[in-house]
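Worksheet for the structure shown next.
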Number of protein chains: 2
Amino acid sequence: MTTPTTAGTLRSRRIARCRQRLVEVALPAFAERGYDAVTVDWLCDQAEVSKRSFFRYFAGKEDLALTPLNDVWRTLIAELDEVLARRGPLLEVVGDALVEVVERMPPGWERPAVLSARLSGTHPVVDAAGMLVCERFTQQVVDAIVERLDGAPAADLSARVVCAIVVTAHRAAVDAWCSPPDAATSASRAELCALIRTSLTAAPAALELTLD
Amino acid sequence: MTTPTTAGTLRSRRIARCRQRLVEVALPAFAERGYDAVTVDWLCDQAEVSKRSFFRYFAGKEDLALTPLNDVWRTLIAELDEVLARRGPLLEVVGDALVEVVERMPPGWERPAVLSARLSGTHPVVDAAGMLVCERFTQQVVDAIVERLDGAPAADLSARVVCAIVVTAHRAAVDAWCSPPDAATSASRAELCALIRTSLTAAPAALELTLD
DNA sequence: TAGCGAACTGGCACTCAGCGGCAGTTGGCA
DNA sequence: TGCCAACTGCCGCTGAGTGCCAGTTCGCTA
């Protein structure tokens with residue numbers, strides 16, 4: 001679903017399968033019975049994984065709930081070096097890279113992603129965990145940019161602001177994407193990519209927004 | 001510290017004093033012995049408040065840890081109607097309002113605020129809780145703006161982006177403000193306000209940041 | 001292809017955050 | 001003065017997350 005099960009050693013594939021099994025059990029369960037009503041113990045029972053292992057695979061219950069969405073950011077982080085080697089306005093470079101990563105998510109990613117996004121919208125605890133991952137992403141970008149544009153004044157702040165805009169555009173796009181009632185079955189990733197692109201291009205105009 | 005103890009009914013003043021006592025005990029303890037090492041039970045013991053009441057006064061341990069910083073956002077939220085009645089670019093309006101709120105925080109606010117900010121920098125759990133409050137702020141602004149500029153295209157997204165920039169500028173300013181080793185005793189609120197203003201005016205230039 | 005070492009695993013018991021229920025208290029107000 | 005509603009403390013519970021350790025499984029090397 002979120003990690004191809006056909007690469008690496010036997011061991012790492014087994015882990016990937018376990019993680020995947022947990023995600024597959026968890027997200028529909030969260031949607032049907034409620035996030036709080038589904039306990040980690042129950043999930044472990046269902047997926048036949050010990051609780052101890054659960055916390056080796058996931059940083060916590062929220063991490064599990066956000067796996068599909070977080071995978072996007074984690075992939076982006078992993079590819080940062082390559083991304084930041086490109087030329088052009090940072091906002092475009094990062095924004096484009098984000099869209100590309102979404103386009104490359106494994107087949108079948110959409111359905112859990114929608115469930116994950118909805119959970120994030122309704123459960124602040126989950127939402128917060130998602131923001132944390134975005135924050136980690138921002139930190140990486142800032143570090144890389146500061147090192148790269150060593151002398152530039154306020155490169156640090158600029159990088160932060162750019163990331164904030166990208167993250168905001170992404171959030172807005174995902175919100176819109178997952179809200180139609182039939183999104184879980186019909187939302188396409190092309191749609192999401194289009195939404196992200198629209199938000200990204202519309203974002204700079206926000207600075208002109210004036211009251212009265 | 002964070003709420004004047006001289007207003008409202010006897011009852012509400014008692015509550016305010018309890019909250020304050022807890023904050024006063026907690027923040028230094030977190031700083032000295034570590035956030036995780038200080039348990040809620042211990043804090044309740046020290047402040048002579050039952051655990052049950054603790055969770056009536058605070059949304060959780062992180063909420064307590066962030067009280068000084070969160071108070072800023074909560075005040076801003078409370079005054080939103082008045083703030084959004086002003087004229088001018090939204091970014092300026094909201095940014096200015098934020099600075100004004102900081103300026104009006106009660107005397108002695110600085111020291112716990114610094115401790116709070118440091119905690120937020122070192123403990124992701126705390127940081128996440130802080131972002132959640134900012135998110136709540138953003139949501140309020142978005143709702144108000146959408147209602148106000150009913151017809152405007154993408155008013156929703158624009159409001160989000162503006163808030164994201166304000167929040168980012170604030171974060172950057174607070175980071176810089178609390179990092180000198182002697183900040184806990186010497187950091188002044190004028191300094192913080194200046195930092196926020198600088199970040200806010202520098203932020204729009206981020207859109208121009210270009211690689212190579 | 002045997003076997004060694006490292007990495008992983010499950011199980012158990014534990015800590016701690018946070019909540020629900022309830023009976024007792026307190027303060028606001030008529 | 002006395003009533004009512006809001007608040008309080010206490011008890012016990014659930015569930016997330018961790019530390020420990022002995023057992024196993026896999027990958028690698030000879």
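Chain labels A, B, ... are given in the sequence in which chains occur in the structure tokens; within each chain residues are numbered consecutively from 1, and ligands are likewise numbered from 1 in the order shown.
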
Write out as a compact mmCIF listing (two decimals) with all heavy atoms, in the first residue's frame the residues lying within 12 Å of C:DC12, counting only C-alpha atoms (C1' of nucleotides) and excluding same-chain residues fewer than 3 positions away.
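The resulting out-v3.txt:
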```txt
# COMPACT_ATOMS: atom_id res chain seq x y z
N SER A 50 2.81 -8.35 17.92
CA SER A 50 2.83 -8.05 19.35
C SER A 50 2.87 -6.55 19.54
O SER A 50 3.37 -5.79 18.72
CB SER A 50 4.05 -8.68 20.01
OG SER A 50 5.17 -7.87 19.82
N LYS A 51 2.31 -6.14 20.66
CA LYS A 51 2.26 -4.71 20.95
C LYS A 51 3.68 -4.12 20.94
O LYS A 51 3.90 -3.01 20.47
CB LYS A 51 1.62 -4.52 22.33
CG LYS A 51 1.15 -3.12 22.62
CD LYS A 51 0.55 -3.08 24.03
CE LYS A 51 0.17 -1.67 24.45
NZ LYS A 51 -0.33 -1.61 25.83
N ARG A 52 4.58 -4.92 21.47
CA ARG A 52 5.97 -4.47 21.52
C ARG A 52 6.49 -4.14 20.12
O ARG A 52 7.17 -3.15 19.92
CB ARG A 52 6.83 -5.55 22.17
CG ARG A 52 8.06 -5.03 22.79
CD ARG A 52 7.68 -4.07 23.91
NE ARG A 52 8.82 -3.25 24.33
CZ ARG A 52 9.28 -2.23 23.64
NH1 ARG A 52 8.75 -1.90 22.49
NH2 ARG A 52 10.29 -1.52 24.09
P DT D 18 7.54 4.95 23.85
OP1 DT D 18 8.42 6.11 23.72
OP2 DT D 18 7.32 4.02 22.73
O5' DT D 18 8.01 4.11 25.13
C5' DT D 18 7.95 4.72 26.40
C4' DT D 18 8.72 3.87 27.40
O4' DT D 18 7.91 2.75 27.81
C3' DT D 18 10.02 3.27 26.89
O3' DT D 18 10.99 3.42 27.91
C2' DT D 18 9.67 1.82 26.61
C1' DT D 18 8.62 1.55 27.67
N1 DT D 18 7.61 0.51 27.34
C2 DT D 18 7.35 -0.47 28.26
O2 DT D 18 7.91 -0.55 29.34
N3 DT D 18 6.39 -1.38 27.87
C4 DT D 18 5.69 -1.40 26.69
O4 DT D 18 4.85 -2.27 26.45
C5 DT D 18 6.02 -0.34 25.77
C7 DT D 18 5.31 -0.28 24.45
C6 DT D 18 6.95 0.55 26.13
P DG D 19 12.52 3.20 27.64
OP1 DG D 19 13.22 4.40 28.10
OP2 DG D 19 12.69 2.69 26.26
O5' DG D 19 12.87 2.01 28.64
C5' DG D 19 12.13 1.86 29.86
C4' DG D 19 12.68 0.69 30.64
O4' DG D 19 11.76 -0.42 30.51
C3' DG D 19 14.03 0.15 30.17
O3' DG D 19 14.72 -0.36 31.30
C2' DG D 19 13.64 -0.93 29.16
C1' DG D 19 12.34 -1.47 29.77
N9 DG D 19 11.34 -1.89 28.79
C8 DG D 19 11.09 -1.33 27.56
N7 DG D 19 10.12 -1.92 26.90
C5 DG D 19 9.71 -2.94 27.75
C6 DG D 19 8.70 -3.91 27.59
O6 DG D 19 7.94 -4.08 26.63
N1 DG D 19 8.61 -4.77 28.69
C2 DG D 19 9.41 -4.68 29.81
N2 DG D 19 9.18 -5.57 30.75
N3 DG D 19 10.36 -3.77 29.98
C4 DG D 19 10.45 -2.93 28.91
P DC D 20 16.17 -1.03 31.17
OP1 DC D 20 16.86 -0.71 32.44
OP2 DC D 20 16.79 -0.72 29.86
O5' DC D 20 15.78 -2.58 31.20
C5' DC D 20 14.89 -3.06 32.20
C4' DC D 20 14.65 -4.55 31.99
O4' DC D 20 13.59 -4.73 31.02
C3' DC D 20 15.87 -5.32 31.46
O3' DC D 20 16.07 -6.46 32.28
C2' DC D 20 15.48 -5.69 30.03
C1' DC D 20 13.96 -5.78 30.14
N1 DC D 20 13.23 -5.56 28.86
C2 DC D 20 12.14 -6.39 28.57
O2 DC D 20 11.82 -7.27 29.37
N3 DC D 20 11.48 -6.20 27.40
C4 DC D 20 11.85 -5.24 26.55
N4 DC D 20 11.15 -5.08 25.43
C5 DC D 20 12.96 -4.38 26.84
C6 DC D 20 13.62 -4.58 28.00
P DC D 21 17.51 -7.17 32.29
OP1 DC D 21 17.88 -7.39 33.70
OP2 DC D 21 18.44 -6.51 31.35
O5' DC D 21 17.10 -8.57 31.65
C5' DC D 21 15.86 -9.18 32.02
C4' DC D 21 15.52 -10.26 31.02
O4' DC D 21 14.76 -9.69 29.92
C3' DC D 21 16.74 -10.94 30.38
O3' DC D 21 16.52 -12.34 30.36
C2' DC D 21 16.77 -10.34 28.99
C1' DC D 21 15.28 -10.20 28.71
N1 DC D 21 14.92 -9.27 27.60
C2 DC D 21 13.79 -9.54 26.83
O2 DC D 21 13.10 -10.53 27.09
N3 DC D 21 13.49 -8.71 25.81
C4 DC D 21 14.25 -7.65 25.55
N4 DC D 21 13.90 -6.86 24.53
C5 DC D 21 15.42 -7.36 26.31
C6 DC D 21 15.72 -8.19 27.32
P DA D 22 17.77 -13.36 30.34
OP1 DA D 22 18.52 -13.18 31.59
OP2 DA D 22 18.47 -13.22 29.05
O5' DA D 22 17.07 -14.80 30.34
C5' DA D 22 15.64 -14.89 30.42
C4' DA D 22 15.07 -15.38 29.10
O4' DA D 22 14.92 -14.25 28.18
C3' DA D 22 15.93 -16.40 28.35
O3' DA D 22 15.06 -17.42 27.88
C2' DA D 22 16.55 -15.60 27.21
C1' DA D 22 15.41 -14.62 26.91
N9 DA D 22 15.80 -13.41 26.19
C8 DA D 22 16.90 -12.63 26.40
N7 DA D 22 16.98 -11.59 25.60
C5 DA D 22 15.84 -11.70 24.82
C6 DA D 22 15.33 -10.91 23.76
N6 DA D 22 15.93 -9.80 23.31
N1 DA D 22 14.17 -11.30 23.20
C2 DA D 22 13.58 -12.41 23.64
N3 DA D 22 13.95 -13.24 24.62
C4 DA D 22 15.10 -12.82 25.17
```

For chain C versus chain A, which residues have an atom no more than 10 Å away, and what is each residue's nearest atom pair and distance in Å rounded to one decimal, using only C-alpha atoms (C1' of nucleotides), chain-then-number order, as CSV?
```
residue,atom,partner,partner_atom,distance
C:DA7,C1',A:Arg11,CA,9.6
C:DC8,C1',A:Arg11,CA,8.7
C:DT9,C1',A:Ser53,CA,7.3
C:DG10,C1',A:Ser50,CA,6.2
C:DG11,C1',A:Ser50,CA,8.4
```

Residues of the last selection are to be written out with N, CA, C and O atoms (P, O5', C5', C4', C3', O3' and C1' of nucleotides), as a tab-separated table (two decimals), in the first residue's frame.
```tsv
chain	number	residue	atom	x	y	z
C	7	DA	P	23.45	-5.17	14.43
C	7	DA	O5'	21.94	-5.33	13.95
C	7	DA	C5'	21.67	-6.06	12.75
C	7	DA	C4'	20.33	-6.74	12.87
C	7	DA	C3'	19.25	-5.85	13.49
C	7	DA	O3'	18.15	-5.81	12.59
C	7	DA	C1'	19.26	-7.98	14.49
C	8	DC	P	17.00	-4.75	12.81
C	8	DC	O5'	15.81	-5.68	13.30
C	8	DC	C5'	15.53	-6.85	12.54
C	8	DC	C4'	14.82	-7.85	13.40
C	8	DC	C3'	13.55	-7.32	14.07
C	8	DC	O3'	12.44	-7.99	13.50
C	8	DC	C1'	14.79	-8.73	15.49
C	9	DT	P	10.97	-7.58	13.93
C	9	DT	O5'	10.70	-8.60	15.10
C	9	DT	C5'	10.63	-10.01	14.83
C	9	DT	C4'	10.24	-10.73	16.08
C	9	DT	C3'	9.06	-10.09	16.79
C	9	DT	O3'	7.91	-10.91	16.61
C	9	DT	C1'	10.82	-10.69	18.30
C	10	DG	P	6.49	-10.40	17.03
C	10	DG	O5'	6.37	-11.12	18.45
C	10	DG	C5'	6.77	-12.48	18.58
C	10	DG	C4'	6.66	-12.89	20.02
C	10	DG	C3'	5.39	-12.42	20.74
C	10	DG	O3'	4.94	-13.48	21.57
C	10	DG	C1'	7.31	-11.58	21.86
C	11	DG	P	3.55	-13.49	22.26
C	11	DG	O5'	3.94	-13.30	23.79
C	11	DG	C5'	4.95	-14.15	24.35
C	11	DG	C4'	5.31	-13.64	25.72
C	11	DG	C3'	4.12	-13.07	26.51
C	11	DG	O3'	4.16	-13.63	27.81
C	11	DG	C1'	5.89	-11.49	26.43
```

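Nearest residue to D:DG17, choosing from A:Arg21, A:Arg13, A:Arg104, A:Arg56 and counting only C-alpha atoms (C1' of nucleotides): A:Arg56.
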
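Using only C-alpha atoms (C1' of nucleotides), one finds that the residues of chain A close to chain D, at 12 Å or less, are Thr9, Leu10, Arg11, Ser12, Arg14, Asp36, Ala37, Val38, Thr39, Val40, Asp41, Trp42, Lys51, Arg52, Ser53, Phe54, Phe55, Arg56, Phe58, Ala59, Gly60, Lys61 and Glu62 of chain A.
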
Closest contacts (chain B/chain A, max 10 Å, only C-alpha atoms) as a tab-separated table:
```
residue	atom	partner	partner_atom	distance
B:Leu84	CA	A:Leu211	CA	7.7
B:Ala85	CA	A:Leu211	CA	8.0
B:Arg86	CA	A:Leu211	CA	7.1
B:Arg87	CA	A:Leu211	CA	5.0
B:Gly88	CA	A:Leu211	CA	5.3
B:Pro89	CA	A:Thr210	CA	4.0
B:Leu90	CA	A:Thr210	CA	5.3
B:Leu91	CA	A:Leu207	CA	6.7
B:Glu92	CA	A:Thr210	CA	9.1
B:Val93	CA	A:Leu211	CA	8.6
B:Pro124	CA	A:Leu132	CA	7.2
B:Val125	CA	A:Ala129	CA	8.5
B:Asp127	CA	A:Leu132	CA	7.9
B:Ala128	CA	A:Ala128	CA	5.2
B:Ala129	CA	A:Ala128	CA	6.7
B:Gly130	CA	A:Ala128	CA	8.9
B:Met131	CA	A:Ala128	CA	7.0
B:Leu132	CA	A:Ala128	CA	6.0
B:Val133	CA	A:Ala128	CA	9.8
B:Glu135	CA	A:Ala128	CA	9.2
B:Arg136	CA	A:Pro124	CA	9.7
B:Ile145	CA	A:Leu211	CA	9.0
B:Arg148	CA	A:Leu211	CA	9.0
B:Leu149	CA	A:Leu211	CA	8.5
B:Ala152	CA	A:Leu209	CA	9.7
B:Pro153	CA	A:Ala202	CA	9.7
B:Ala154	CA	A:Ala202	CA	7.8
B:Ala155	CA	A:Leu209	CA	8.0
B:Asp156	CA	A:Ala172	CA	8.9
B:Leu157	CA	A:Ala172	CA	6.9
B:Ser158	CA	A:Ala206	CA	4.2
B:Ala159	CA	A:Ala206	CA	6.9
B:Arg160	CA	A:Thr168	CA	6.9
B:Val161	CA	A:Ile165	CA	6.1
B:Val162	CA	A:Ala206	CA	6.3
B:Cys163	CA	A:Thr168	CA	9.5
B:Ala164	CA	A:Ala164	CA	6.1
B:Ile165	CA	A:Val161	CA	6.1
B:Val166	CA	A:Val161	CA	9.3
B:Val167	CA	A:Ala164	CA	9.0
B:Thr168	CA	A:Val161	CA	6.4
B:Ala169	CA	A:Leu157	CA	7.5
B:Arg171	CA	A:Arg160	CA	9.7
B:Ala172	CA	A:Leu157	CA	6.9
B:Ala173	CA	A:Leu157	CA	9.4
B:Ser199	CA	A:Leu157	CA	7.3
B:Leu200	CA	A:Leu157	CA	9.7
B:Ala202	CA	A:Ala154	CA	7.8
B:Ala203	CA	A:Ser158	CA	6.3
B:Pro204	CA	A:Leu207	CA	7.5
B:Ala205	CA	A:Ser158	CA	7.1
B:Ala206	CA	A:Ser158	CA	4.2
B:Leu207	CA	A:Leu91	CA	6.7
B:Glu208	CA	A:Pro89	CA	6.5
B:Leu209	CA	A:Pro89	CA	5.8
B:Thr210	CA	A:Pro89	CA	4.0
B:Leu211	CA	A:Arg87	CA	5.0
B:Asp212	CA	A:Arg87	CA	5.7
```

All Cα atoms, paired in order, least squares: that's the fit I need for chain B onto chain A, output as a compact mmCIF listing (two decimals) with C-alpha atoms, in the first residue's frame.
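What landed in out.txt:
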```txt
# COMPACT_ATOMS: atom_id res chain seq x y z
CA MET B 1 0.07 0.04 0.06
CA THR B 2 2.68 2.42 1.21
CA THR B 3 5.87 0.45 0.82
CA PRO B 4 6.55 -1.97 -1.97
CA THR B 5 6.92 -5.48 -0.60
CA THR B 6 9.34 -6.58 -3.24
CA ALA B 7 12.62 -4.96 -2.26
CA GLY B 8 15.34 -5.49 0.30
CA THR B 9 16.11 -8.48 2.43
CA LEU B 10 13.62 -11.07 3.53
CA ARG B 11 13.62 -9.49 6.94
CA SER B 12 12.87 -5.97 5.81
CA ARG B 13 10.11 -7.25 3.58
CA ARG B 14 8.50 -8.99 6.50
CA ILE B 15 8.58 -5.76 8.44
CA ALA B 16 7.07 -3.89 5.51
CA ARG B 17 4.30 -6.45 5.25
CA CYS B 18 3.57 -6.17 8.97
CA ARG B 19 3.36 -2.39 8.77
CA GLN B 20 1.13 -2.61 5.77
CA ARG B 21 -1.15 -5.15 7.40
CA LEU B 22 -1.53 -2.88 10.40
CA VAL B 23 -2.37 0.12 8.23
CA GLU B 24 -4.90 -1.89 6.28
CA VAL B 25 -6.61 -3.05 9.44
CA ALA B 26 -6.39 0.25 11.25
CA LEU B 27 -7.64 2.92 8.86
CA PRO B 28 -11.00 1.35 8.03
CA ALA B 29 -11.44 0.50 11.71
CA PHE B 30 -10.76 4.10 12.72
CA ALA B 31 -13.25 5.30 10.14
CA GLU B 32 -15.96 2.86 11.21
CA ARG B 33 -15.62 2.68 14.95
CA GLY B 34 -13.82 5.89 15.82
CA TYR B 35 -10.18 6.59 16.46
CA ASP B 36 -10.38 6.37 20.24
CA ALA B 37 -12.52 3.27 20.28
CA VAL B 38 -9.90 1.30 18.38
CA THR B 39 -7.11 0.38 20.75
CA VAL B 40 -3.57 -0.54 19.84
CA ASP B 41 -4.06 -3.85 21.61
CA TRP B 42 -6.99 -4.71 19.40
CA LEU B 43 -5.10 -3.74 16.26
CA CYS B 44 -2.17 -5.92 17.26
CA ASP B 45 -4.54 -8.79 17.85
CA GLN B 46 -6.09 -8.37 14.43
CA ALA B 47 -2.82 -7.99 12.58
CA GLU B 48 -1.12 -10.67 14.65
CA VAL B 49 1.71 -8.45 15.71
CA SER B 50 2.87 -8.09 19.27
CA LYS B 51 2.29 -4.74 20.90
CA ARG B 52 6.00 -4.45 21.46
CA SER B 53 6.64 -4.76 17.75
CA PHE B 54 3.90 -2.28 16.96
CA PHE B 55 5.89 0.40 18.72
CA ARG B 56 8.99 -0.67 16.89
CA TYR B 57 7.27 -0.21 13.54
CA PHE B 58 5.43 3.00 14.34
CA ALA B 59 6.28 5.97 16.49
CA GLY B 60 2.81 5.75 17.98
CA LYS B 61 -0.85 5.34 17.23
CA GLU B 62 -1.00 8.66 15.37
CA ASP B 63 1.98 7.74 13.27
CA LEU B 64 0.13 4.66 12.13
CA ALA B 65 -2.99 6.69 11.38
CA LEU B 66 -0.98 9.11 9.26
CA THR B 67 1.19 6.62 7.44
CA PRO B 68 -0.08 7.37 3.92
CA LEU B 69 0.25 11.14 4.29
CA ASN B 70 3.47 11.02 6.22
CA ASP B 71 5.03 8.79 3.60
CA VAL B 72 4.75 11.68 1.19
CA TRP B 73 6.72 14.01 3.43
CA ARG B 74 9.20 11.38 4.41
CA THR B 75 9.89 10.59 0.78
CA LEU B 76 10.31 14.27 0.06
CA ILE B 77 12.74 14.58 2.93
CA ALA B 78 14.71 11.61 1.65
CA GLU B 79 15.05 13.23 -1.75
CA LEU B 80 15.81 16.72 -0.51
CA ASP B 81 19.40 16.82 -1.69
CA GLU B 82 18.40 16.06 -5.21
CA VAL B 83 15.46 18.46 -5.09
CA LEU B 84 17.44 21.38 -3.76
CA ALA B 85 20.01 20.89 -6.48
CA ARG B 86 17.52 22.23 -8.99
CA ARG B 87 17.29 25.84 -10.11
CA GLY B 88 14.49 28.35 -9.87
CA PRO B 89 12.37 29.96 -7.18
CA LEU B 90 12.46 27.82 -4.04
CA LEU B 91 8.68 27.88 -3.75
CA GLU B 92 8.37 26.36 -7.22
CA VAL B 93 11.14 23.87 -6.73
CA VAL B 94 9.73 22.52 -3.50
CA GLY B 95 6.13 22.70 -4.67
CA ASP B 96 6.88 20.80 -7.84
CA ALA B 97 8.84 18.19 -5.94
CA LEU B 98 5.89 17.67 -3.60
CA VAL B 99 3.53 17.08 -6.50
CA GLU B 100 5.97 14.68 -8.11
CA VAL B 101 6.23 12.66 -4.94
CA VAL B 102 2.45 12.40 -4.71
CA GLU B 103 2.34 11.26 -8.31
CA ARG B 104 4.80 8.51 -7.51
CA MET B 105 3.05 7.07 -4.48
CA PRO B 106 2.34 3.35 -4.91
CA PRO B 107 -0.92 2.26 -6.55
CA GLY B 108 -3.83 2.05 -4.14
CA TRP B 109 -2.42 4.84 -2.01
CA GLU B 110 -5.48 7.03 -2.46
CA ARG B 111 -7.99 5.19 -0.33
CA PRO B 112 -5.95 5.03 2.89
CA ALA B 113 -4.75 8.55 2.20
CA VAL B 114 -8.31 9.85 2.18
CA LEU B 115 -9.14 8.04 5.43
CA SER B 116 -5.94 9.35 6.94
CA ALA B 117 -6.72 12.91 5.89
CA ARG B 118 -10.22 12.77 7.32
CA LEU B 119 -8.91 11.46 10.60
CA SER B 120 -6.49 14.32 10.66
CA GLY B 121 -9.33 16.77 10.14
CA THR B 122 -11.48 15.42 12.94
CA HIS B 123 -8.85 14.47 15.52
CA PRO B 124 -6.52 17.20 16.72
CA VAL B 125 -4.13 14.64 18.19
CA VAL B 126 -3.64 13.12 14.78
CA ASP B 127 -3.45 16.50 13.13
CA ALA B 128 -0.73 17.59 15.51
CA ALA B 129 1.36 14.54 14.68
CA GLY B 130 1.04 15.40 11.00
CA MET B 131 2.18 18.94 11.57
CA LEU B 132 5.19 17.59 13.39
CA VAL B 133 6.31 15.69 10.34
CA CYS B 134 5.90 18.81 8.20
CA GLU B 135 7.91 20.67 10.77
CA ARG B 136 10.68 18.12 10.48
CA PHE B 137 10.59 18.63 6.73
CA THR B 138 10.82 22.38 7.20
CA GLN B 139 13.78 22.01 9.49
CA GLN B 140 15.63 19.94 6.91
CA VAL B 141 14.97 22.45 4.18
CA VAL B 142 16.06 25.30 6.41
CA ASP B 143 19.30 23.55 7.32
CA ALA B 144 20.08 22.75 3.72
CA ILE B 145 19.27 26.24 2.49
CA VAL B 146 21.24 27.97 5.20
CA GLU B 147 24.26 25.88 4.36
CA ARG B 148 23.78 26.44 0.66
CA LEU B 149 23.11 30.19 0.64
CA ASP B 150 25.53 30.74 3.42
CA GLY B 151 25.83 34.49 3.19
CA ALA B 152 22.28 35.42 2.22
CA PRO B 153 20.47 37.61 4.74
CA ALA B 154 17.59 35.88 6.51
CA ALA B 155 17.88 32.80 4.30
CA ASP B 156 16.73 30.93 7.36
CA LEU B 157 13.46 32.84 7.67
CA SER B 158 12.83 32.78 3.94
CA ALA B 159 13.18 29.03 3.80
CA ARG B 160 10.79 28.69 6.71
CA VAL B 161 8.22 30.89 5.04
CA VAL B 162 8.45 29.02 1.76
CA CYS B 163 7.95 25.71 3.56
CA ALA B 164 5.04 27.14 5.50
CA ILE B 165 3.38 28.14 2.25
CA VAL B 166 3.96 24.75 0.66
CA VAL B 167 2.62 22.98 3.73
CA THR B 168 -0.39 25.26 3.86
CA ALA B 169 -1.17 24.76 0.19
CA HIS B 170 -0.88 21.04 0.70
CA ARG B 171 -3.20 21.08 3.69
CA ALA B 172 -5.80 23.13 1.87
CA ALA B 173 -5.62 20.81 -1.13
CA VAL B 174 -5.91 17.65 0.97
CA ASP B 175 -8.84 19.12 2.89
CA ALA B 176 -10.73 19.78 -0.31
CA TRP B 177 -9.70 16.44 -1.76
CA CYS B 178 -10.93 14.24 1.07
CA SER B 179 -14.16 16.01 1.89
CA PRO B 180 -16.58 14.69 -0.76
CA PRO B 181 -18.48 11.79 0.83
CA ASP B 182 -17.42 9.38 -1.89
CA ALA B 183 -13.79 10.45 -1.84
CA ALA B 184 -12.64 7.22 -0.21
CA THR B 185 -13.59 5.28 -3.29
CA SER B 186 -13.35 7.79 -6.09
CA ALA B 187 -10.75 10.45 -5.25
CA SER B 188 -7.91 10.28 -7.73
CA ARG B 189 -4.37 11.30 -7.22
CA ALA B 190 -4.42 13.42 -10.38
CA GLU B 191 -7.15 15.42 -8.74
CA LEU B 192 -5.08 15.93 -5.63
CA CYS B 193 -2.06 16.99 -7.67
CA ALA B 194 -4.16 19.51 -9.53
CA LEU B 195 -5.50 20.87 -6.25
CA ILE B 196 -2.02 21.23 -4.84
CA ARG B 197 -0.82 23.02 -7.96
CA THR B 198 -3.78 25.39 -7.90
CA SER B 199 -3.20 26.22 -4.24
CA LEU B 200 0.49 26.75 -4.84
CA THR B 201 0.00 29.19 -7.69
CA ALA B 202 -2.76 31.04 -5.83
CA ALA B 203 -0.79 31.33 -2.60
CA PRO B 204 1.44 34.34 -3.36
CA ALA B 205 -1.61 36.48 -4.00
CA ALA B 206 -2.45 36.13 -0.30
CA LEU B 207 -0.01 38.92 0.48
CA GLU B 208 -2.28 41.30 -1.38
CA LEU B 209 -5.37 40.36 0.62
CA THR B 210 -6.62 43.61 2.10
CA LEU B 211 -9.46 44.42 4.48
CA ASP B 212 -11.88 47.08 3.19
```

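The strand (DSSP E or B) portion of chain B consists of Gly88, Pro89, Thr210 and Leu211 of chain B, with states taken from DSSP on the backbone.
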